[in-house]
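data.cif (mmCIF, C-alpha atoms and all ligand atoms)
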```cif
data_my_file
loop_
_atom_site.label_atom_id
_atom_site.label_comp_id
_atom_site.auth_asym_id
_atom_site.auth_seq_id
_atom_site.Cartn_x
_atom_site.Cartn_y
_atom_site.Cartn_z
CA MET A 365 -36.36 -58.14 41.29
CA ALA A 366 -33.25 -56.03 40.87
CA ILE A 367 -31.83 -53.35 43.16
CA VAL A 368 -29.90 -50.36 41.86
CA LYS A 369 -27.98 -48.41 44.51
CA TYR A 370 -26.28 -45.05 43.99
CA PHE A 371 -22.99 -44.18 45.70
CA GLY A 372 -22.69 -40.68 44.28
CA HIS A 373 -20.91 -39.40 41.14
CA ALA A 374 -21.05 -42.30 38.62
CA ALA A 375 -20.81 -45.19 41.08
CA PHE A 376 -23.65 -47.74 41.20
CA GLU A 377 -24.17 -51.21 42.58
CA VAL A 378 -26.63 -53.44 40.75
CA ARG A 379 -28.02 -56.63 42.30
CA LEU A 380 -29.85 -58.71 39.73
CA LYS A 381 -30.78 -62.28 38.94
CA GLY A 382 -28.25 -63.95 36.68
CA PHE A 383 -29.08 -66.49 33.98
CA ASP A 384 -27.94 -69.20 36.40
CA GLY A 385 -30.79 -68.21 38.72
CA ARG A 386 -28.45 -66.74 41.34
CA GLU A 387 -28.16 -63.16 42.53
CA LYS A 388 -25.28 -61.32 40.92
CA ILE A 389 -23.68 -58.20 42.35
CA VAL A 390 -22.08 -55.74 39.95
CA LEU A 391 -20.31 -52.48 40.76
CA ILE A 392 -19.98 -49.89 38.02
CA ASP A 393 -17.35 -47.12 38.14
CA PRO A 394 -16.60 -47.74 41.82
CA TRP A 395 -15.19 -44.45 43.05
CA LEU A 396 -16.52 -45.10 46.53
CA SER A 397 -14.15 -42.57 48.04
CA ASN A 398 -15.93 -39.74 46.20
CA PRO A 399 -16.89 -36.77 48.39
CA LEU A 400 -20.62 -37.67 48.32
CA SER A 401 -20.28 -41.40 48.93
CA PRO A 402 -22.16 -42.82 51.92
CA VAL A 403 -19.55 -45.54 52.44
CA ASN A 404 -15.77 -45.80 52.15
CA PRO A 405 -14.24 -48.65 50.12
CA ARG A 406 -12.99 -50.45 53.23
CA ASP A 407 -16.45 -50.56 54.82
CA TYR A 408 -18.06 -51.48 51.52
CA VAL A 409 -15.78 -54.48 51.20
CA ARG A 410 -16.42 -55.48 54.81
CA GLU A 411 -20.20 -55.23 54.44
CA THR A 412 -20.46 -56.92 51.04
CA SER A 413 -20.72 -60.66 51.20
CA ARG A 414 -19.64 -61.16 47.62
CA LEU A 415 -18.94 -59.16 44.49
CA ASP A 416 -19.14 -60.77 41.06
CA TYR A 417 -18.10 -58.05 38.63
CA ILE A 418 -16.70 -54.55 38.55
CA ILE A 419 -17.32 -52.72 35.27
CA VAL A 420 -15.12 -49.69 34.55
CA THR A 421 -16.18 -47.32 31.76
CA HIS A 422 -12.80 -45.57 31.45
CA ASP A 423 -9.61 -44.85 33.32
CA HIS A 424 -10.26 -41.35 34.63
CA GLY A 425 -9.80 -41.36 38.40
CA ASP A 426 -13.42 -40.52 39.15
CA HIS A 427 -14.53 -43.73 37.37
CA LEU A 428 -11.66 -46.19 37.81
CA GLY A 429 -11.79 -45.01 41.41
CA ASP A 430 -11.23 -47.76 43.97
CA THR A 431 -11.29 -50.61 41.44
CA GLU A 432 -7.88 -51.98 42.35
CA TYR A 433 -8.53 -52.13 46.09
CA ILE A 434 -12.07 -53.54 45.82
CA ALA A 435 -11.12 -56.10 43.15
CA LYS A 436 -8.21 -57.38 45.22
CA GLU A 437 -10.25 -57.57 48.41
CA THR A 438 -13.31 -59.26 46.88
CA GLY A 439 -11.86 -61.22 43.96
CA ALA A 440 -14.42 -59.61 41.63
CA ARG A 441 -13.62 -59.84 37.95
CA VAL A 442 -13.09 -56.47 36.28
CA VAL A 443 -14.68 -55.84 32.88
CA ALA A 444 -12.99 -53.05 30.93
CA ILE A 445 -11.89 -52.02 27.46
CA PHE A 446 -8.95 -54.16 26.29
CA ASP A 447 -6.17 -51.63 26.87
CA LEU A 448 -7.31 -50.73 30.38
CA ALA A 449 -7.88 -54.39 31.27
CA VAL A 450 -4.34 -55.28 30.17
CA ASN A 451 -3.04 -52.53 32.41
CA LEU A 452 -5.11 -53.72 35.37
CA SER A 453 -4.13 -57.35 34.88
CA LYS A 454 -0.50 -56.34 35.58
CA LYS A 455 -1.69 -55.48 39.09
CA GLU A 456 -2.81 -59.06 39.71
CA ILE A 457 -6.47 -58.27 39.19
CA GLU A 458 -8.63 -60.79 37.36
CA THR A 459 -9.91 -59.01 34.27
CA ILE A 460 -12.20 -59.61 31.32
CA ASP A 461 -10.80 -57.59 28.44
CA ALA A 462 -13.39 -56.67 25.87
CA ASN A 463 -14.22 -53.97 23.40
CA VAL A 464 -17.14 -52.03 22.01
CA GLY A 465 -19.40 -54.23 19.95
CA GLY A 466 -21.29 -57.38 20.78
CA ARG A 467 -22.20 -59.38 23.83
CA ILE A 468 -19.32 -60.35 26.09
CA LYS A 469 -19.08 -64.11 26.51
CA VAL A 470 -19.92 -64.57 30.16
CA ASP A 471 -22.58 -67.13 31.07
CA ASP A 472 -24.40 -65.49 33.92
CA LEU A 473 -25.10 -61.96 32.68
CA PHE A 474 -25.71 -59.95 29.54
CA ILE A 475 -22.90 -57.40 29.19
CA VAL A 476 -22.21 -55.21 26.14
CA LEU A 477 -19.77 -52.31 25.99
CA THR A 478 -21.22 -49.39 24.05
CA PRO A 479 -19.62 -46.28 22.53
CA ALA A 480 -19.04 -43.11 24.53
CA ILE A 481 -17.84 -39.75 23.26
CA HIS A 482 -15.18 -38.76 25.76
CA SER A 483 -11.43 -39.24 26.34
CA SER A 484 -9.22 -41.64 28.29
CA SER A 485 -5.59 -42.77 28.51
CA HIS A 486 -5.98 -46.54 28.13
CA GLY A 487 -8.26 -47.51 25.24
CA ASN A 488 -11.52 -45.84 24.34
CA PRO A 489 -14.06 -44.75 26.92
CA VAL A 490 -17.26 -46.81 26.90
CA GLY A 491 -20.74 -47.12 28.28
CA VAL A 492 -22.22 -50.49 29.21
CA VAL A 493 -25.48 -52.38 29.08
CA VAL A 494 -25.70 -55.00 31.80
CA GLY A 495 -28.64 -57.30 32.29
CA GLY A 496 -29.94 -60.51 33.79
CA GLU A 497 -33.26 -62.34 34.09
CA ASP A 498 -35.27 -59.37 35.27
CA ILE A 499 -33.64 -56.15 34.12
CA ARG A 500 -31.35 -54.42 31.66
CA ILE A 501 -29.50 -51.28 32.67
CA TYR A 502 -27.53 -48.83 30.56
CA HIS A 503 -24.74 -46.89 32.29
CA ALA A 504 -23.61 -44.23 29.83
CA GLY A 505 -20.19 -43.64 31.42
CA ASP A 506 -18.89 -40.16 30.65
CA THR A 507 -20.21 -39.10 27.30
CA GLY A 508 -21.60 -36.39 25.13
CA LEU A 509 -24.84 -37.01 23.30
CA PHE A 510 -24.63 -39.20 20.20
CA ALA A 511 -27.34 -40.27 17.78
CA GLU A 512 -26.50 -43.98 17.98
CA MET A 513 -28.03 -44.08 21.46
CA GLN A 514 -31.09 -44.93 19.41
CA TYR A 515 -29.47 -48.27 18.50
CA ILE A 516 -28.90 -48.98 22.18
CA HIS A 517 -32.66 -48.75 22.57
CA GLU A 518 -33.44 -50.75 19.44
CA LEU A 519 -30.95 -53.54 20.15
CA TYR A 520 -30.87 -53.83 23.94
CA ASN A 521 -33.97 -51.96 25.15
CA PRO A 522 -32.64 -51.06 28.61
CA ASP A 523 -35.25 -50.62 31.35
CA ILE A 524 -33.14 -48.12 33.27
CA ALA A 525 -30.68 -45.54 31.92
CA LEU A 526 -28.03 -43.98 34.17
CA LEU A 527 -27.08 -40.71 32.51
CA PRO A 528 -24.56 -37.95 33.30
CA ILE A 529 -26.20 -34.53 33.56
CA GLY A 530 -23.41 -32.37 35.03
CA GLY A 531 -22.18 -30.75 31.80
CA HIS A 532 -18.61 -29.46 31.28
CA TYR A 533 -17.10 -32.96 30.87
CA THR A 534 -20.26 -34.78 29.78
CA MET A 535 -23.83 -34.20 28.67
CA GLY A 536 -25.67 -31.54 30.61
CA VAL A 537 -29.33 -31.52 31.55
CA GLU A 538 -30.65 -30.66 28.08
CA GLU A 539 -28.43 -33.12 26.22
CA ALA A 540 -29.24 -35.89 28.69
CA ALA A 541 -32.94 -35.17 28.24
CA LYS A 542 -32.44 -35.64 24.49
CA ALA A 543 -30.61 -38.89 25.23
CA VAL A 544 -33.70 -40.13 27.07
CA GLU A 545 -35.76 -39.50 23.92
CA LEU A 546 -33.39 -41.80 21.99
CA LEU A 547 -32.99 -44.46 24.69
CA LYS A 548 -36.66 -44.65 25.72
CA PRO A 549 -35.99 -46.31 29.10
CA LYS A 550 -38.78 -46.82 31.61
CA ILE A 551 -36.66 -45.08 34.24
CA ALA A 552 -33.81 -42.56 33.92
CA ILE A 553 -31.52 -41.82 36.85
CA PRO A 554 -29.25 -38.76 36.68
CA MET A 555 -25.60 -39.08 37.75
CA HIS A 556 -22.24 -37.29 37.48
CA TYR A 557 -23.39 -33.95 38.89
CA ASN A 558 -22.77 -31.79 41.98
CA THR A 559 -19.60 -33.67 42.97
CA PHE A 560 -17.47 -30.62 42.09
CA PRO A 561 -18.33 -27.02 41.13
CA PRO A 562 -17.83 -27.48 37.33
CA ILE A 563 -20.48 -30.20 37.17
CA LYS A 564 -23.14 -28.43 39.19
CA ALA A 565 -26.58 -29.24 37.79
CA ASP A 566 -30.20 -29.34 38.86
CA PRO A 567 -31.64 -32.87 38.62
CA THR A 568 -35.18 -31.54 39.16
CA LYS A 569 -34.83 -29.57 35.93
CA PHE A 570 -33.78 -32.78 34.16
CA LYS A 571 -36.83 -34.54 35.62
CA GLU A 572 -39.11 -31.70 34.54
CA ILE A 573 -37.91 -31.68 30.91
CA VAL A 574 -37.87 -35.47 30.54
CA GLU A 575 -41.28 -36.07 32.07
CA LYS A 576 -42.81 -33.29 29.97
CA LYS A 577 -41.40 -34.64 26.70
CA THR A 578 -41.38 -38.42 27.21
CA SER A 579 -43.12 -41.20 29.10
CA THR A 580 -39.89 -42.03 30.98
CA LYS A 581 -39.97 -41.58 34.73
CA VAL A 582 -36.97 -39.81 36.28
CA VAL A 583 -35.86 -41.07 39.67
CA ILE A 584 -33.43 -38.80 41.50
CA LEU A 585 -31.35 -40.85 43.92
CA LYS A 586 -29.35 -39.26 46.69
CA PRO A 587 -26.04 -41.01 47.40
CA GLY A 588 -26.85 -44.06 49.50
CA GLU A 589 -30.37 -44.44 48.09
CA GLN A 590 -31.57 -47.31 45.94
CA ILE A 591 -34.52 -48.38 43.83
CA GLN A 592 -36.07 -51.75 43.18
CA TYR A 593 -37.07 -52.86 39.71
CA PRO A 594 -39.57 -53.96 38.59
ZN ZN A 601 -14.03 -39.08 32.33
#
```
Could you take the file, read its structure, and then write that structure out as structure tokens?
Amino acid sequence: MAIVKYFGHAAFEVRLKGFDGREKIVLIDPWLSNPLSPVNPRDYVRETSRLDYIIVTHDHGDHLGDTEYIAKETGARVVAIFDLAVNLSKKEIETIDANVGGRIKVDDLFIVLTPAIHSSSHGNPVGVVVGGEDIRIYHAGDTGLFAEMQYIHELYNPDIALLPIGGHYTMGVEEAAKAVELLKPKIAIPMHYNTFPPIKADPTKFKEIVEKKTSTKVVILKPGEQIQYP
């Protein structure tokens, strides 16, 4: 059984069973000091027994967030696009530099960086598919809609898709609903909305459109809430 917890904006913690049979804890885009977050980075570090990986989709502040602090405090390895990882490694953070393409060679989890249509200062922005024994999750990062999301479904078949719906900088509600049609996850969870005025969006509208058009279930998580899967 896996647990996916939302910290607001694009920040998620995933607890899942690794291929070594042990629970793995992964933080994605850990901006835990975002205005909606239920916990500050200091308390998170204090309350978390262990952190295995931090995955950063790109270097914008609302995604790179508190990576440096949390990585140093926990010793978690940071997975990022090559250019960003090189930059982070100069700050004495243990990194796994990778790029968009195939499976990253770590033993305990399935991790693939996927394309994202967006911008960034260090390397290309990415999404990520992360999985273990019992689940595969796709975190889209910041992105517009792109047709190759269909390949993410065909190749990796994620059970859960975490999708930005805020518009302005990323997909909005309608584009994200189209993304669900391509990704065909069992569950879609909206993210990257209502943190600031430009990304105001209505997640219930997203749920309405998706559940009318597809068999995917939309789960709206408030910051601090989590779901179990399966
Ligand atoms: Zn961004």
Selection near stretch 499-516 of chain A, 6 Å with only C-alpha atoms, sequence-local residues under 2 positions removed, as a PyMOL selection string: chain A and resi 421+480-482+491-496+518-520+522-527+534-535+546-547
Those selected residues, please, written with C-alpha atoms and delivered as a compact mmCIF listing (two decimals), in the coordinates of the input.
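Output (result_36.txt):
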```txt
# COMPACT_ATOMS: atom_id res chain seq x y z
CA THR A 421 -16.18 -47.32 31.76
CA ALA A 480 -19.04 -43.11 24.53
CA ILE A 481 -17.84 -39.75 23.26
CA HIS A 482 -15.18 -38.76 25.76
CA GLY A 491 -20.74 -47.12 28.28
CA VAL A 492 -22.22 -50.49 29.21
CA VAL A 493 -25.48 -52.38 29.08
CA VAL A 494 -25.70 -55.00 31.80
CA GLY A 495 -28.64 -57.30 32.29
CA GLY A 496 -29.94 -60.51 33.79
CA GLU A 518 -33.44 -50.75 19.44
CA LEU A 519 -30.95 -53.54 20.15
CA TYR A 520 -30.87 -53.83 23.94
CA PRO A 522 -32.64 -51.06 28.61
CA ASP A 523 -35.25 -50.62 31.35
CA ILE A 524 -33.14 -48.12 33.27
CA ALA A 525 -30.68 -45.54 31.92
CA LEU A 526 -28.03 -43.98 34.17
CA LEU A 527 -27.08 -40.71 32.51
CA THR A 534 -20.26 -34.78 29.78
CA MET A 535 -23.83 -34.20 28.67
CA LEU A 546 -33.39 -41.80 21.99
CA LEU A 547 -32.99 -44.46 24.69
```
Selection near A:Ile367, 10 Å with all atoms listed in the file, sequence-local residues under 4 positions removed, as an NGL selection string: :A and (377-381 or 389 or 499 or 590-594)
Expected residue set, 12 Å radius at (-11.3, -57.9, 37.4), all atoms listed in the file, as a PyMOL selection string: chain A and resi 390-392+415-420+428+431-446+448-462
Distance in Å - atom CA of A:Leu473 versus atom CA of A:Met365: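 If I compute the distance from atom CA of A:Leu473 to atom CA of A:Met365, I get 14.7 Å.
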Top pick for closest residue to ligand ZN 601 (chain A), considering A:Ala540, A:Val470, A:Val574, A:Ile563 and counting all atoms listed in the file: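 Smallest distance to ligand ZN 601 (chain A) is found for A:Ile563.
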Contacts of A:His373 within 7 Å, all atoms listed in the file, excl. fewer than 6 positions in-chain, as a list in words: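 Listing them by chain and then by number gives Met555, His556, Tyr557 and Thr559 of chain A.
For the choices A:Val490, A:Leu585, A:Ile553, A:Leu477, the atom-to-atom distance to ligand ZN 601 (chain A) is smallest for A:Val490 when using all atoms listed in the file.
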Nearby residues (all atoms listed in the file) at most 7 Å from A:Gly372, same-chain spacing under 4 positions excluded, as a PyMOL selection string: chain A and resi 400-401+587
Residue among A:Lys569, A:His424, A:Lys550, A:Arg467 lying closest to ligand ZN 601 (chain A), counting only C-alpha atoms and all ligand atoms: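 Among A:Lys569, A:His424, A:Lys550, A:Arg467, it is A:His424 that comes nearest to ligand ZN 601 (chain A).
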Distance in Å - atom CA of A:Pro479 versus atom CA of A:Pro399: 27.7 Å
Coordinates-based distance that separates atom CA of A:Ile551 from atom CA of A:Ile573 (Å, one decimal):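 Atom CA of A:Ile573 sits 13.9 Å away from atom CA of A:Ile551.
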Using only C-alpha atoms: which of A:Asn558, A:Ser579, A:Ser397, A:Ser483 has the shortest distance to A:Ala541: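 Among A:Asn558, A:Ser579, A:Ser397, A:Ser483, it is A:Ser579 that comes nearest to A:Ala541.
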